[in-house]
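Colleague: See run21.csv below, with CSV, N, CA and C atoms.
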```csv
chain,number,residue,atom,x,y,z
A,10,MET,N,0.8,-1.2,0.0
A,10,MET,CA,0.0,0.0,0.0
A,10,MET,C,0.9,1.3,0.0
A,11,VAL,N,1.9,1.3,0.9
A,11,VAL,CA,2.8,2.4,1.0
A,11,VAL,C,3.6,2.5,-0.3
A,12,ARG,N,4.1,1.4,-0.8
A,12,ARG,CA,4.9,1.4,-2.0
A,12,ARG,C,4.1,1.9,-3.2
A,13,ARG,N,2.9,1.5,-3.3
A,13,ARG,CA,2.0,1.9,-4.4
A,13,ARG,C,1.8,3.4,-4.3
A,14,PHE,N,1.5,3.9,-3.1
A,14,PHE,CA,1.3,5.4,-2.9
A,14,PHE,C,2.6,6.1,-3.3
A,15,LEU,N,3.8,5.7,-2.9
A,15,LEU,CA,5.0,6.3,-3.2
A,15,LEU,C,5.3,6.3,-4.7
A,16,ALA,N,5.0,5.2,-5.3
A,16,ALA,CA,5.2,5.0,-6.8
A,16,ALA,C,4.3,6.1,-7.5
A,17,GLN,N,3.0,6.2,-7.1
A,17,GLN,CA,2.1,7.1,-7.7
A,17,GLN,C,2.6,8.6,-7.5
A,18,ALA,N,3.1,8.9,-6.3
A,18,ALA,CA,3.5,10.2,-5.9
A,18,ALA,C,4.8,10.6,-6.8
A,19,ILE,N,5.7,9.6,-6.9
A,19,ILE,CA,6.9,9.9,-7.7
A,19,ILE,C,6.5,10.1,-9.2
A,20,THR,N,5.6,9.3,-9.7
A,20,THR,CA,5.1,9.5,-11.1
A,20,THR,C,4.6,10.9,-11.3
A,21,VAL,N,3.7,11.3,-10.4
A,21,VAL,CA,3.1,12.6,-10.5
A,21,VAL,C,4.2,13.7,-10.4
A,22,ILE,N,5.2,13.6,-9.6
A,22,ILE,CA,6.2,14.6,-9.5
A,22,ILE,C,7.0,14.6,-10.8
A,23,VAL,N,7.4,13.5,-11.3
A,23,VAL,CA,8.2,13.4,-12.6
A,23,VAL,C,7.4,14.1,-13.7
A,24,VAL,N,6.1,13.7,-13.8
A,24,VAL,CA,5.3,14.3,-14.9
A,24,VAL,C,5.2,15.8,-14.8
A,25,VAL,N,4.9,16.3,-13.6
A,25,VAL,CA,4.8,17.7,-13.3
A,25,VAL,C,6.1,18.4,-13.6
A,26,ALA,N,7.2,17.9,-13.1
A,26,ALA,CA,8.5,18.5,-13.3
A,26,ALA,C,8.9,18.6,-14.8
A,27,THR,N,8.6,17.5,-15.5
A,27,THR,CA,8.8,17.5,-17.0
A,27,THR,C,8.0,18.5,-17.7
A,28,GLY,N,6.7,18.7,-17.3
A,28,GLY,CA,5.9,19.7,-17.9
A,28,GLY,C,6.4,21.1,-17.6
A,29,LEU,N,6.9,21.3,-16.4
A,29,LEU,CA,7.4,22.7,-16.1
A,29,LEU,C,8.7,23.0,-16.9
A,30,VAL,N,9.5,22.0,-17.1
A,30,VAL,CA,10.8,22.2,-17.9
A,30,VAL,C,10.4,22.4,-19.3
A,31,ALA,N,9.5,21.6,-19.8
A,31,ALA,CA,9.1,21.8,-21.3
A,31,ALA,C,8.4,23.1,-21.5
A,32,SER,N,7.6,23.6,-20.6
A,32,SER,CA,7.0,24.9,-20.8
A,32,SER,C,7.9,26.1,-20.7
A,33,ALA,N,9.1,25.9,-20.1
A,33,ALA,CA,10.0,27.0,-19.9
A,33,ALA,C,11.0,27.1,-21.1
A,34,GLU,N,11.0,26.1,-22.0
A,34,GLU,CA,11.9,26.1,-23.1
A,34,GLU,C,11.5,27.1,-24.1
A,35,ALA,N,12.5,27.6,-24.9
A,35,ALA,CA,12.2,28.5,-26.0
A,35,ALA,C,11.4,27.8,-27.1
A,36,ALA,N,10.6,28.5,-27.8
A,36,ALA,CA,9.8,27.9,-28.8
A,36,ALA,C,10.7,27.4,-29.9
A,37,LEU,N,10.3,26.3,-30.5
A,37,LEU,CA,11.1,25.6,-31.5
A,37,LEU,C,10.6,26.1,-32.9
A,38,ALA,N,9.4,26.4,-33.0
A,38,ALA,CA,8.8,26.8,-34.3
A,38,ALA,C,8.3,28.3,-34.1
A,39,PHE,N,8.8,29.1,-35.0
A,39,PHE,CA,8.4,30.5,-34.9
A,39,PHE,C,8.5,31.1,-36.3
A,40,ARG,N,7.9,32.4,-36.4
A,40,ARG,CA,8.0,33.1,-37.6
A,40,ARG,C,8.4,34.6,-37.3
A,41,ARG,N,8.9,35.3,-38.2
A,41,ARG,CA,9.2,36.7,-38.0
A,41,ARG,C,8.1,37.5,-38.8
A,42,GLN,N,7.7,38.6,-38.1
A,42,GLN,CA,6.7,39.5,-38.8
A,42,GLN,C,7.4,40.9,-38.8
A,43,VAL,N,7.5,41.4,-40.0
A,43,VAL,CA,8.2,42.7,-40.1
A,43,VAL,C,7.1,43.7,-40.6
A,44,THR,N,6.9,44.8,-39.8
A,44,THR,CA,5.9,45.8,-40.2
A,44,THR,C,6.5,47.2,-40.1
A,45,CYS,N,5.9,48.1,-40.9
A,45,CYS,CA,6.3,49.5,-40.9
A,45,CYS,C,5.2,50.2,-40.1
A,46,ASN,N,5.7,51.0,-39.1
A,46,ASN,CA,4.8,51.8,-38.3
A,46,ASN,C,4.9,53.2,-38.8
A,47,GLY,N,4.1,53.5,-39.7
A,47,GLY,CA,4.1,54.9,-40.3
A,47,GLY,C,5.4,54.9,-41.2
A,48,VAL,N,5.9,56.1,-41.4
A,48,VAL,CA,7.0,56.4,-42.2
A,48,VAL,C,8.4,56.2,-41.5
A,49,TYR,N,8.4,56.4,-40.2
A,49,TYR,CA,9.6,56.5,-39.5
A,49,TYR,C,9.9,55.4,-38.5
A,50,ALA,N,9.3,54.2,-38.7
A,50,ALA,CA,9.6,53.1,-37.7
A,50,ALA,C,9.4,51.8,-38.4
A,51,ARG,N,10.2,50.8,-38.0
A,51,ARG,CA,10.0,49.4,-38.4
A,51,ARG,C,10.1,48.5,-37.2
A,52,THR,N,9.2,47.5,-37.2
A,52,THR,CA,9.1,46.6,-36.0
A,52,THR,C,9.3,45.2,-36.6
A,53,ILE,N,10.2,44.4,-35.9
A,53,ILE,CA,10.5,43.0,-36.2
A,53,ILE,C,10.0,42.2,-35.0
A,54,THR,N,9.0,41.4,-35.2
A,54,THR,CA,8.5,40.6,-34.1
A,54,THR,C,8.7,39.1,-34.4
A,55,TYR,N,9.2,38.4,-33.4
A,55,TYR,CA,9.3,36.9,-33.4
A,55,TYR,C,8.0,36.4,-32.8
A,56,ILE,N,7.3,35.5,-33.5
A,56,ILE,CA,6.0,34.9,-33.0
A,56,ILE,C,6.1,33.4,-33.0
A,57,ALA,N,5.7,32.8,-31.9
A,57,ALA,CA,5.7,31.3,-31.7
A,57,ALA,C,4.6,30.7,-32.6
A,58,ASP,N,4.8,29.4,-32.9
A,58,ASP,CA,3.8,28.8,-33.7
A,58,ASP,C,2.4,28.8,-33.1
A,59,ASN,N,2.3,29.0,-31.8
A,59,ASN,CA,1.0,29.1,-31.1
A,59,ASN,C,0.4,30.5,-31.2
A,60,GLY,N,1.1,31.5,-31.8
A,60,GLY,CA,0.6,32.8,-32.0
A,60,GLY,C,1.1,33.8,-31.0
A,61,LYS,N,1.8,33.3,-29.9
A,61,LYS,CA,2.2,34.3,-28.9
A,61,LYS,C,3.5,34.9,-29.3
A,62,PRO,N,3.6,36.3,-29.0
A,62,PRO,CA,4.8,37.0,-29.4
A,62,PRO,C,6.0,36.5,-28.4
A,63,LEU,N,7.2,36.4,-29.0
A,63,LEU,CA,8.3,36.0,-28.2
A,63,LEU,C,9.3,37.1,-27.9
A,64,GLY,N,9.5,38.0,-28.9
A,64,GLY,CA,10.4,39.1,-28.7
A,64,GLY,C,10.2,40.1,-29.8
A,65,GLU,N,10.7,41.3,-29.6
A,65,GLU,CA,10.4,42.3,-30.6
A,65,GLU,C,11.5,43.4,-30.6
A,66,VAL,N,11.8,43.9,-31.7
A,66,VAL,CA,12.7,45.0,-31.9
A,66,VAL,C,12.1,46.1,-32.7
A,67,GLN,N,12.1,47.3,-32.2
A,67,GLN,CA,11.5,48.4,-33.0
A,67,GLN,C,12.6,49.5,-33.2
A,68,TRP,N,12.8,49.9,-34.4
A,68,TRP,CA,13.8,50.9,-34.8
A,68,TRP,C,13.0,52.1,-35.3
A,69,SER,N,13.2,53.3,-34.7
A,69,SER,CA,12.6,54.5,-35.1
A,69,SER,C,13.7,55.5,-35.5
A,70,TRP,N,13.5,56.1,-36.7
A,70,TRP,CA,14.6,57.0,-37.1
A,70,TRP,C,13.9,58.4,-37.3
A,71,PHE,N,14.8,59.4,-37.2
A,71,PHE,CA,14.4,60.8,-37.3
A,71,PHE,C,15.4,61.5,-38.2
A,72,ALA,N,15.0,62.7,-38.7
A,72,ALA,CA,15.9,63.4,-39.6
A,72,ALA,C,17.2,63.8,-38.9
A,73,SER,N,17.1,64.0,-37.6
A,73,SER,CA,18.3,64.2,-36.9
A,73,SER,C,18.3,63.3,-35.7
A,74,ALA,N,19.5,63.1,-35.1
A,74,ALA,CA,19.6,62.1,-34.0
A,74,ALA,C,18.9,62.8,-32.8
A,75,PRO,N,18.5,62.0,-31.8
A,75,PRO,CA,18.7,60.6,-31.6
A,75,PRO,C,17.7,59.7,-32.3
A,76,HIS,N,18.1,58.5,-32.7
A,76,HIS,CA,17.1,57.5,-33.2
A,76,HIS,C,16.8,56.7,-31.9
A,77,SER,N,15.7,55.9,-32.0
A,77,SER,CA,15.4,55.1,-30.8
A,77,SER,C,15.2,53.6,-31.2
A,78,LEU,N,15.7,52.8,-30.2
A,78,LEU,CA,15.7,51.4,-30.4
A,78,LEU,C,15.0,50.7,-29.2
A,79,TYR,N,13.8,50.1,-29.5
A,79,TYR,CA,13.1,49.4,-28.4
A,79,TYR,C,13.4,47.9,-28.6
A,80,ILE,N,13.7,47.3,-27.5
A,80,ILE,CA,13.9,45.8,-27.5
A,80,ILE,C,13.0,45.2,-26.4
A,81,ARG,N,12.1,44.3,-26.7
A,81,ARG,CA,11.2,43.7,-25.8
A,81,ARG,C,11.3,42.2,-25.8
A,82,ASP,N,11.3,41.6,-24.6
A,82,ASP,CA,11.3,40.2,-24.4
A,82,ASP,C,10.0,39.8,-23.7
A,83,PHE,N,9.1,39.1,-24.5
A,83,PHE,CA,7.8,38.9,-23.9
A,83,PHE,C,7.7,37.6,-23.1
A,84,ASN,N,8.7,36.8,-23.0
A,84,ASN,CA,8.7,35.6,-22.2
A,84,ASN,C,10.1,35.5,-21.5
A,85,LEU,N,10.2,36.1,-20.3
A,85,LEU,CA,11.5,36.3,-19.6
A,85,LEU,C,12.1,34.9,-19.2
A,86,TYR,N,11.3,33.9,-19.1
A,86,TYR,CA,11.8,32.7,-18.5
A,86,TYR,C,12.0,31.5,-19.5
A,87,ASP,N,12.0,31.8,-20.8
A,87,ASP,CA,12.1,30.8,-21.8
A,87,ASP,C,13.6,30.5,-22.1
A,88,GLY,N,14.5,31.3,-21.6
A,88,GLY,CA,15.9,31.1,-21.9
A,88,GLY,C,16.4,31.7,-23.2
A,89,ALA,N,15.5,32.3,-23.9
A,89,ALA,CA,15.9,32.9,-25.2
A,89,ALA,C,16.2,34.4,-25.0
A,90,ASP,N,17.2,34.9,-25.6
A,90,ASP,CA,17.6,36.3,-25.6
A,90,ASP,C,17.1,37.1,-26.8
A,91,VAL,N,16.7,38.3,-26.5
A,91,VAL,CA,16.3,39.2,-27.6
A,91,VAL,C,17.4,40.4,-27.7
A,92,SER,N,17.8,40.6,-28.9
A,92,SER,CA,18.8,41.7,-29.0
A,92,SER,C,18.6,42.4,-30.4
A,93,ALA,N,19.3,43.5,-30.6
A,93,ALA,CA,19.4,44.1,-31.9
A,93,ALA,C,20.8,44.4,-32.2
A,94,ARG,N,21.1,44.4,-33.5
A,94,ARG,CA,22.4,44.7,-34.0
A,94,ARG,C,22.3,45.9,-34.9
A,95,VAL,N,23.1,46.9,-34.7
A,95,VAL,CA,23.1,48.1,-35.4
A,95,VAL,C,24.4,48.3,-36.1
A,96,ASP,N,24.4,48.5,-37.4
A,96,ASP,CA,25.6,48.7,-38.2
A,96,ASP,C,25.9,50.2,-38.3
A,97,ALA,N,26.8,50.7,-37.4
A,97,ALA,CA,27.1,52.1,-37.4
A,97,ALA,C,28.0,52.4,-38.6
A,98,VAL,N,27.8,53.6,-39.2
A,98,VAL,CA,28.6,53.9,-40.4
A,98,VAL,C,30.1,53.9,-40.1
A,99,GLU,N,30.5,54.4,-39.0
A,99,GLU,CA,31.9,54.5,-38.7
A,99,GLU,C,32.4,53.5,-37.6
A,100,GLY,N,31.5,52.8,-37.0
A,100,GLY,CA,31.9,52.0,-35.8
A,100,GLY,C,31.7,50.5,-35.9
A,101,GLY,N,31.3,50.0,-37.1
A,101,GLY,CA,31.0,48.6,-37.2
A,101,GLY,C,29.7,48.2,-36.6
A,102,VAL,N,29.5,46.9,-36.3
A,102,VAL,CA,28.3,46.4,-35.8
A,102,VAL,C,28.3,46.5,-34.3
A,103,ILE,N,27.3,47.0,-33.7
A,103,ILE,CA,27.1,47.2,-32.2
A,103,ILE,C,25.9,46.4,-31.8
A,104,GLN,N,26.0,45.6,-30.8
A,104,GLN,CA,24.8,44.8,-30.3
A,104,GLN,C,24.2,45.5,-29.1
A,105,TYR,N,22.9,45.5,-29.0
A,105,TYR,CA,22.2,46.0,-27.9
A,105,TYR,C,21.3,44.9,-27.4
A,106,ASP,N,21.4,44.6,-26.1
A,106,ASP,CA,20.6,43.5,-25.6
A,106,ASP,C,19.4,44.0,-24.8
A,107,TRP,N,18.4,43.2,-24.7
A,107,TRP,CA,17.2,43.5,-23.9
A,107,TRP,C,17.7,43.5,-22.4
A,108,ASP,N,17.2,44.5,-21.7
A,108,ASP,CA,17.7,44.7,-20.3
A,108,ASP,C,16.4,45.1,-19.5
A,109,ILE,N,16.2,44.4,-18.4
A,109,ILE,CA,15.0,44.7,-17.6
A,109,ILE,C,15.1,46.1,-17.0
A,110,LEU,N,16.3,46.6,-16.8
A,110,LEU,CA,16.5,47.9,-16.3
A,110,LEU,C,16.2,49.0,-17.3
A,111,VAL,N,16.3,48.7,-18.6
A,111,VAL,CA,16.0,49.7,-19.7
A,111,VAL,C,14.6,49.6,-20.1
A,112,ASP,N,14.0,48.4,-20.2
A,112,ASP,CA,12.6,48.2,-20.7
A,112,ASP,C,11.7,49.0,-19.8
A,113,PRO,N,10.7,49.8,-20.3
A,113,PRO,CA,10.3,50.0,-21.6
A,113,PRO,C,11.0,51.2,-22.3
A,114,ASP,N,12.0,51.8,-21.7
A,114,ASP,CA,12.6,52.9,-22.3
A,114,ASP,C,13.5,52.5,-23.5
A,115,PRO,N,13.6,53.3,-24.5
A,115,PRO,CA,14.4,52.9,-25.7
A,115,PRO,C,15.9,53.3,-25.4
A,116,TYR,N,16.7,52.6,-26.2
A,116,TYR,CA,18.1,53.0,-26.3
A,116,TYR,C,18.1,54.2,-27.3
A,117,LEU,N,18.8,55.2,-27.0
A,117,LEU,CA,18.9,56.4,-27.9
A,117,LEU,C,20.2,56.4,-28.6
A,118,ILE,N,20.1,56.4,-29.9
A,118,ILE,CA,21.3,56.3,-30.8
A,118,ILE,C,21.6,57.6,-31.4
A,119,TYR,N,22.8,58.1,-31.1
A,119,TYR,CA,23.2,59.5,-31.5
A,119,TYR,C,24.2,59.5,-32.7
A,120,TYR,N,24.6,58.3,-33.2
A,120,TYR,CA,25.5,58.2,-34.3
A,120,TYR,C,24.8,57.8,-35.6
A,121,PRO,N,25.5,58.0,-36.7
A,121,PRO,CA,24.9,57.6,-38.0
A,121,PRO,C,24.8,56.1,-38.1
A,122,VAL,N,23.7,55.5,-38.6
A,122,VAL,CA,23.5,54.1,-38.7
A,122,VAL,C,23.1,53.7,-40.1
A,123,ARG,N,23.7,52.7,-40.6
A,123,ARG,CA,23.5,52.2,-42.0
A,123,ARG,C,22.3,51.2,-42.1
A,124,LYS,N,22.3,50.3,-41.1
A,124,LYS,CA,21.2,49.2,-41.1
A,124,LYS,C,21.1,48.6,-39.8
A,125,PHE,N,20.1,47.8,-39.5
A,125,PHE,CA,19.8,47.2,-38.3
A,125,PHE,C,19.2,45.8,-38.5
A,126,ARG,N,19.2,45.0,-37.5
A,126,ARG,CA,18.5,43.7,-37.5
A,126,ARG,C,18.2,43.3,-36.1
A,127,ALA,N,17.2,42.4,-36.0
A,127,ALA,CA,16.8,41.8,-34.7
A,127,ALA,C,17.3,40.4,-34.6
A,128,VAL,N,17.6,40.0,-33.3
A,128,VAL,CA,18.0,38.6,-33.1
A,128,VAL,C,17.2,38.1,-31.9
A,129,TRP,N,16.6,36.9,-32.1
A,129,TRP,CA,15.9,36.2,-31.0
A,129,TRP,C,16.5,34.8,-30.9
A,130,ASN,N,17.1,34.5,-29.8
A,130,ASN,CA,17.6,33.1,-29.5
A,130,ASN,C,18.6,32.7,-30.5
A,131,GLY,N,19.4,33.7,-31.0
A,131,GLY,CA,20.4,33.4,-32.0
A,131,GLY,C,20.0,33.4,-33.5
A,132,TYR,N,18.7,33.5,-33.7
A,132,TYR,CA,18.1,33.6,-35.1
A,132,TYR,C,18.0,35.1,-35.5
A,133,ALA,N,18.9,35.5,-36.4
A,133,ALA,CA,18.9,36.9,-36.8
A,133,ALA,C,17.9,37.1,-38.0
A,134,SER,N,17.3,38.3,-38.0
A,134,SER,CA,16.5,38.7,-39.1
A,134,SER,C,17.4,39.2,-40.3
A,135,ASP,N,16.8,39.5,-41.4
A,135,ASP,CA,17.6,40.2,-42.4
A,135,ASP,C,18.0,41.6,-41.9
A,136,TRP,N,18.9,42.2,-42.6
A,136,TRP,CA,19.3,43.6,-42.3
A,136,TRP,C,18.3,44.5,-43.0
A,137,TYR,N,17.9,45.5,-42.3
A,137,TYR,CA,17.0,46.5,-42.8
A,137,TYR,C,17.6,47.9,-42.8
A,138,PRO,N,17.3,48.7,-43.8
A,138,PRO,CA,17.9,50.1,-43.8
A,138,PRO,C,17.5,50.9,-42.6
A,139,ALA,N,18.3,51.7,-42.2
A,139,ALA,CA,18.1,52.5,-40.9
A,139,ALA,C,17.2,53.7,-41.1
A,140,ASN,N,16.9,54.1,-42.4
A,140,ASN,CA,16.2,55.3,-42.6
A,140,ASN,C,15.1,55.2,-43.6
A,141,SER,N,14.5,54.0,-43.8
A,141,SER,CA,13.4,53.9,-44.7
A,141,SER,C,12.6,52.6,-44.4
A,142,CYS,N,11.4,52.6,-44.9
A,142,CYS,CA,10.6,51.4,-44.6
A,142,CYS,C,10.0,50.8,-45.9
```
Give the structure from the file, written as structure tokens.

Modeller:
Amino acid sequence: MVRRFLAQAITVIVVVATGLVASAEAALAFRRQVTCNGVYARTITYIADNGKPLGEVQWSWFASAPHSLYIRDFNLYDGADVSARVDAVEGGVIQYDWDILVDPDPYLIYYPVRKFRAVWNGYASDWYPANSC
């Protein structure tokens, strides 16, 4: 009787623990959605196969600096990182990472930028021009 109860309890614990681990993993199937927000902004969103957003990068440009870069991580506990890479005209590629201390405030970019891209869990988007949509 006690053995049977212990066996059932251990089975329940293993099943629950496996479910928790599986639900915390990064999505395996996803798609990227690229949208223009008016004339001066582009948003790259990574969306899981179940329709939930995973991460997002929004680049807004203006005739004069600063430009703004928003990085959002919609699932903090999935182990996937969200970042943006900016190709500075004179400085090469600079990476900006999502930071809980910065969110929801944007990074302000004061230098000339050629192009940018989003990266979610190591999967980089295409490069997009920094001043057109």

Colleague: List as a short mmCIF file (atom, residue, chain, number, x, y, z; two decimals) with N, CA and C atoms, in the frame of the given file the protein and nucleic acid residues near Ala57 in chain A, meaning an atom at most 5 Å away when only N, CA and C atoms are counted, but skip any in the same chain fewer than 5 places from it.

Modeller:
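In the end it all went to around-v4.cif:
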```cif
data_model
loop_
_atom_site.label_atom_id
_atom_site.label_comp_id
_atom_site.auth_asym_id
_atom_site.auth_seq_id
_atom_site.Cartn_x
_atom_site.Cartn_y
_atom_site.Cartn_z
N ALA A 38 9.40 26.40 -33.00
CA ALA A 38 8.80 26.80 -34.30
C ALA A 38 8.30 28.30 -34.10
N PHE A 39 8.80 29.10 -35.00
CA PHE A 39 8.40 30.50 -34.90
C PHE A 39 8.50 31.10 -36.30
N PRO A 62 3.60 36.30 -29.00
CA PRO A 62 4.80 37.00 -29.40
C PRO A 62 6.00 36.50 -28.40
N LEU A 63 7.20 36.40 -29.00
CA LEU A 63 8.30 36.00 -28.20
C LEU A 63 9.30 37.10 -27.90
#
```

Colleague: What gap, in Å, lies between CA of Ile118 in chain A and atom C of Ile56 in chain A?

Modeller: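 Atom-to-atom, CA of Ile118 in chain A to atom C of Ile56 in chain A, that is 27.6 Å.
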
Colleague: Mind giving me the straight-line distance from CA of Trp70 in chain A to CA of Val122 in chain A in Å, one decimal?

Modeller: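 Result for CA of Trp70 in chain A versus CA of Val122 in chain A: 9.5 Å, one decimal.
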
Colleague: I want to know what sits within 8 Å of Ser77 in chain A, based on only C-alpha atoms, with residues of the same chain fewer than 2 positions away left out; could you give that as a list of chain:residue names?

Modeller: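 Those residues are A:Trp68, A:Ser69, A:Trp70, A:Pro75, A:Tyr79, A:Pro115, A:Tyr116, A:Leu117, A:Ile118.
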
Colleague: To one decimal in Å, tell me the separation between atom C of Lys61 in chain A and atom C of Arg40 in chain A.

Modeller: 9.4 Å

Colleague: Tyr55 in chain A: which residues within 10 Å, counting only C-alpha atoms, same-chain residues fewer than 5 positions away excluded, as a list in words?

Modeller: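 So the residues in contact are Phe39, Arg40, Arg41, Gln42, Val43, Gly60, Lys61, Pro62, Leu63, Gly64, Glu65, Val66, Asp82, Phe83, Val91, Ala127, Val128, Trp129, Asn130, Tyr132 and Ser134 of chain A.
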
Colleague: So which one's closest to Ala74 in chain A, A:Val102, A:Arg126, A:Tyr119, A:Asn46? Using only N, CA and C atoms, please.

Modeller: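 Among the listed residues, the smallest separation from Ala74 in chain A belongs to A:Tyr119.
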
Colleague: Tell me which protein, DNA and RNA residues are within 9 Å of Asp106 in chain A, counting only C-alpha atoms, leaving out same-chain ones fewer than 5 positions away, and put them as a ChimeraX atom specification.

Modeller: /A:80,90-94

Colleague: Deliver the residues from the most recent selection as a file, using N, CA and C atoms, as a PDB file, in the frame of the given file.

Modeller:
```
ATOM      1  N   ILE A  80      13.700  47.300 -27.500  1.00  0.00           N
ATOM      2  CA  ILE A  80      13.900  45.800 -27.500  1.00  0.00           C
ATOM      3  C   ILE A  80      13.000  45.200 -26.400  1.00  0.00           C
ATOM      4  N   ASP A  90      17.200  34.900 -25.600  1.00  0.00           N
ATOM      5  CA  ASP A  90      17.600  36.300 -25.600  1.00  0.00           C
ATOM      6  C   ASP A  90      17.100  37.100 -26.800  1.00  0.00           C
ATOM      7  N   VAL A  91      16.700  38.300 -26.500  1.00  0.00           N
ATOM      8  CA  VAL A  91      16.300  39.200 -27.600  1.00  0.00           C
ATOM      9  C   VAL A  91      17.400  40.400 -27.700  1.00  0.00           C
ATOM     10  N   SER A  92      17.800  40.600 -28.900  1.00  0.00           N
ATOM     11  CA  SER A  92      18.800  41.700 -29.000  1.00  0.00           C
ATOM     12  C   SER A  92      18.600  42.400 -30.400  1.00  0.00           C
ATOM     13  N   ALA A  93      19.300  43.500 -30.600  1.00  0.00           N
ATOM     14  CA  ALA A  93      19.400  44.100 -31.900  1.00  0.00           C
ATOM     15  C   ALA A  93      20.800  44.400 -32.200  1.00  0.00           C
ATOM     16  N   ARG A  94      21.100  44.400 -33.500  1.00  0.00           N
ATOM     17  CA  ARG A  94      22.400  44.700 -34.000  1.00  0.00           C
ATOM     18  C   ARG A  94      22.300  45.900 -34.900  1.00  0.00           C
TER      19      ARG A  94
END
```

Colleague: When you look at Pro138 in chain A with a cut-off of 5 Å (counting all atoms listed in the file), what residues show up, excluding the ones that are within fewer than 2 positions of it in the same chain? I need them as a list in words.

Modeller: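 Selected residues are Arg123, Lys124, Trp136, Asn140 and Ser141 of chain A.
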
Colleague: Just the selected residues (N, CA and C atoms), exported as a PDB file, keeping the file's coordinate frame, please.

Modeller:
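This went into selection.pdb:
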```pdb
ATOM      1  N   ARG A 123      23.700  52.700 -40.600  1.00  0.00           N
ATOM      2  CA  ARG A 123      23.500  52.200 -42.000  1.00  0.00           C
ATOM      3  C   ARG A 123      22.300  51.200 -42.100  1.00  0.00           C
ATOM      4  N   LYS A 124      22.300  50.300 -41.100  1.00  0.00           N
ATOM      5  CA  LYS A 124      21.200  49.200 -41.100  1.00  0.00           C
ATOM      6  C   LYS A 124      21.100  48.600 -39.800  1.00  0.00           C
ATOM      7  N   TRP A 136      18.900  42.200 -42.600  1.00  0.00           N
ATOM      8  CA  TRP A 136      19.300  43.600 -42.300  1.00  0.00           C
ATOM      9  C   TRP A 136      18.300  44.500 -43.000  1.00  0.00           C
ATOM     10  N   ASN A 140      16.900  54.100 -42.400  1.00  0.00           N
ATOM     11  CA  ASN A 140      16.200  55.300 -42.600  1.00  0.00           C
ATOM     12  C   ASN A 140      15.100  55.200 -43.600  1.00  0.00           C
ATOM     13  N   SER A 141      14.500  54.000 -43.800  1.00  0.00           N
ATOM     14  CA  SER A 141      13.400  53.900 -44.700  1.00  0.00           C
ATOM     15  C   SER A 141      12.600  52.600 -44.400  1.00  0.00           C
TER      16      SER A 141
END
```

Colleague: Taking only N, CA and C atoms into account, which of A:Asp114, A:Gly100, A:Ala89, A:Tyr105 comes nearest Gly131 in chain A?

Modeller: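 So, comparing all the options, the nearest one is A:Ala89.
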
Colleague: Emit range 50-59 of chain A of the structure in the block as a file comprising N, CA, C and O atoms, as a compact mmCIF listing (two decimals), in the first residue's frame.

Modeller:
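This is the output file decode.txt:
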```txt
# COMPACT_ATOMS: atom_id res chain seq x y z
N ALA A 50 9.32 54.21 -38.65
CA ALA A 50 9.59 53.12 -37.71
C ALA A 50 9.36 51.77 -38.38
O ALA A 50 8.48 51.62 -39.23
N ARG A 51 10.16 50.79 -37.97
CA ARG A 51 10.02 49.42 -38.44
C ARG A 51 10.08 48.52 -37.21
O ARG A 51 10.93 48.70 -36.35
N THR A 52 9.19 47.53 -37.16
CA THR A 52 9.15 46.58 -36.05
C THR A 52 9.35 45.17 -36.57
O THR A 52 8.71 44.77 -37.55
N ILE A 53 10.24 44.44 -35.91
CA ILE A 53 10.48 43.03 -36.22
C ILE A 53 10.04 42.23 -35.00
O ILE A 53 10.59 42.40 -33.92
N THR A 54 9.03 41.38 -35.18
CA THR A 54 8.47 40.60 -34.09
C THR A 54 8.67 39.12 -34.36
O THR A 54 8.40 38.65 -35.46
N TYR A 55 9.15 38.39 -33.37
CA TYR A 55 9.26 36.93 -33.44
C TYR A 55 8.02 36.36 -32.76
O TYR A 55 7.71 36.71 -31.62
N ILE A 56 7.30 35.48 -33.47
CA ILE A 56 6.03 34.94 -32.99
C ILE A 56 6.11 33.42 -32.98
O ILE A 56 6.52 32.80 -33.97
N ALA A 57 5.72 32.80 -31.86
CA ALA A 57 5.72 31.34 -31.74
C ALA A 57 4.63 30.74 -32.61
O ALA A 57 3.69 31.42 -33.02
N ASP A 58 4.75 29.45 -32.86
CA ASP A 58 3.76 28.77 -33.70
C ASP A 58 2.38 28.77 -33.07
O ASP A 58 1.38 28.57 -33.76
N ASN A 59 2.28 29.02 -31.77
CA ASN A 59 0.97 29.10 -31.13
C ASN A 59 0.39 30.53 -31.18
O ASN A 59 -0.66 30.79 -30.61
```
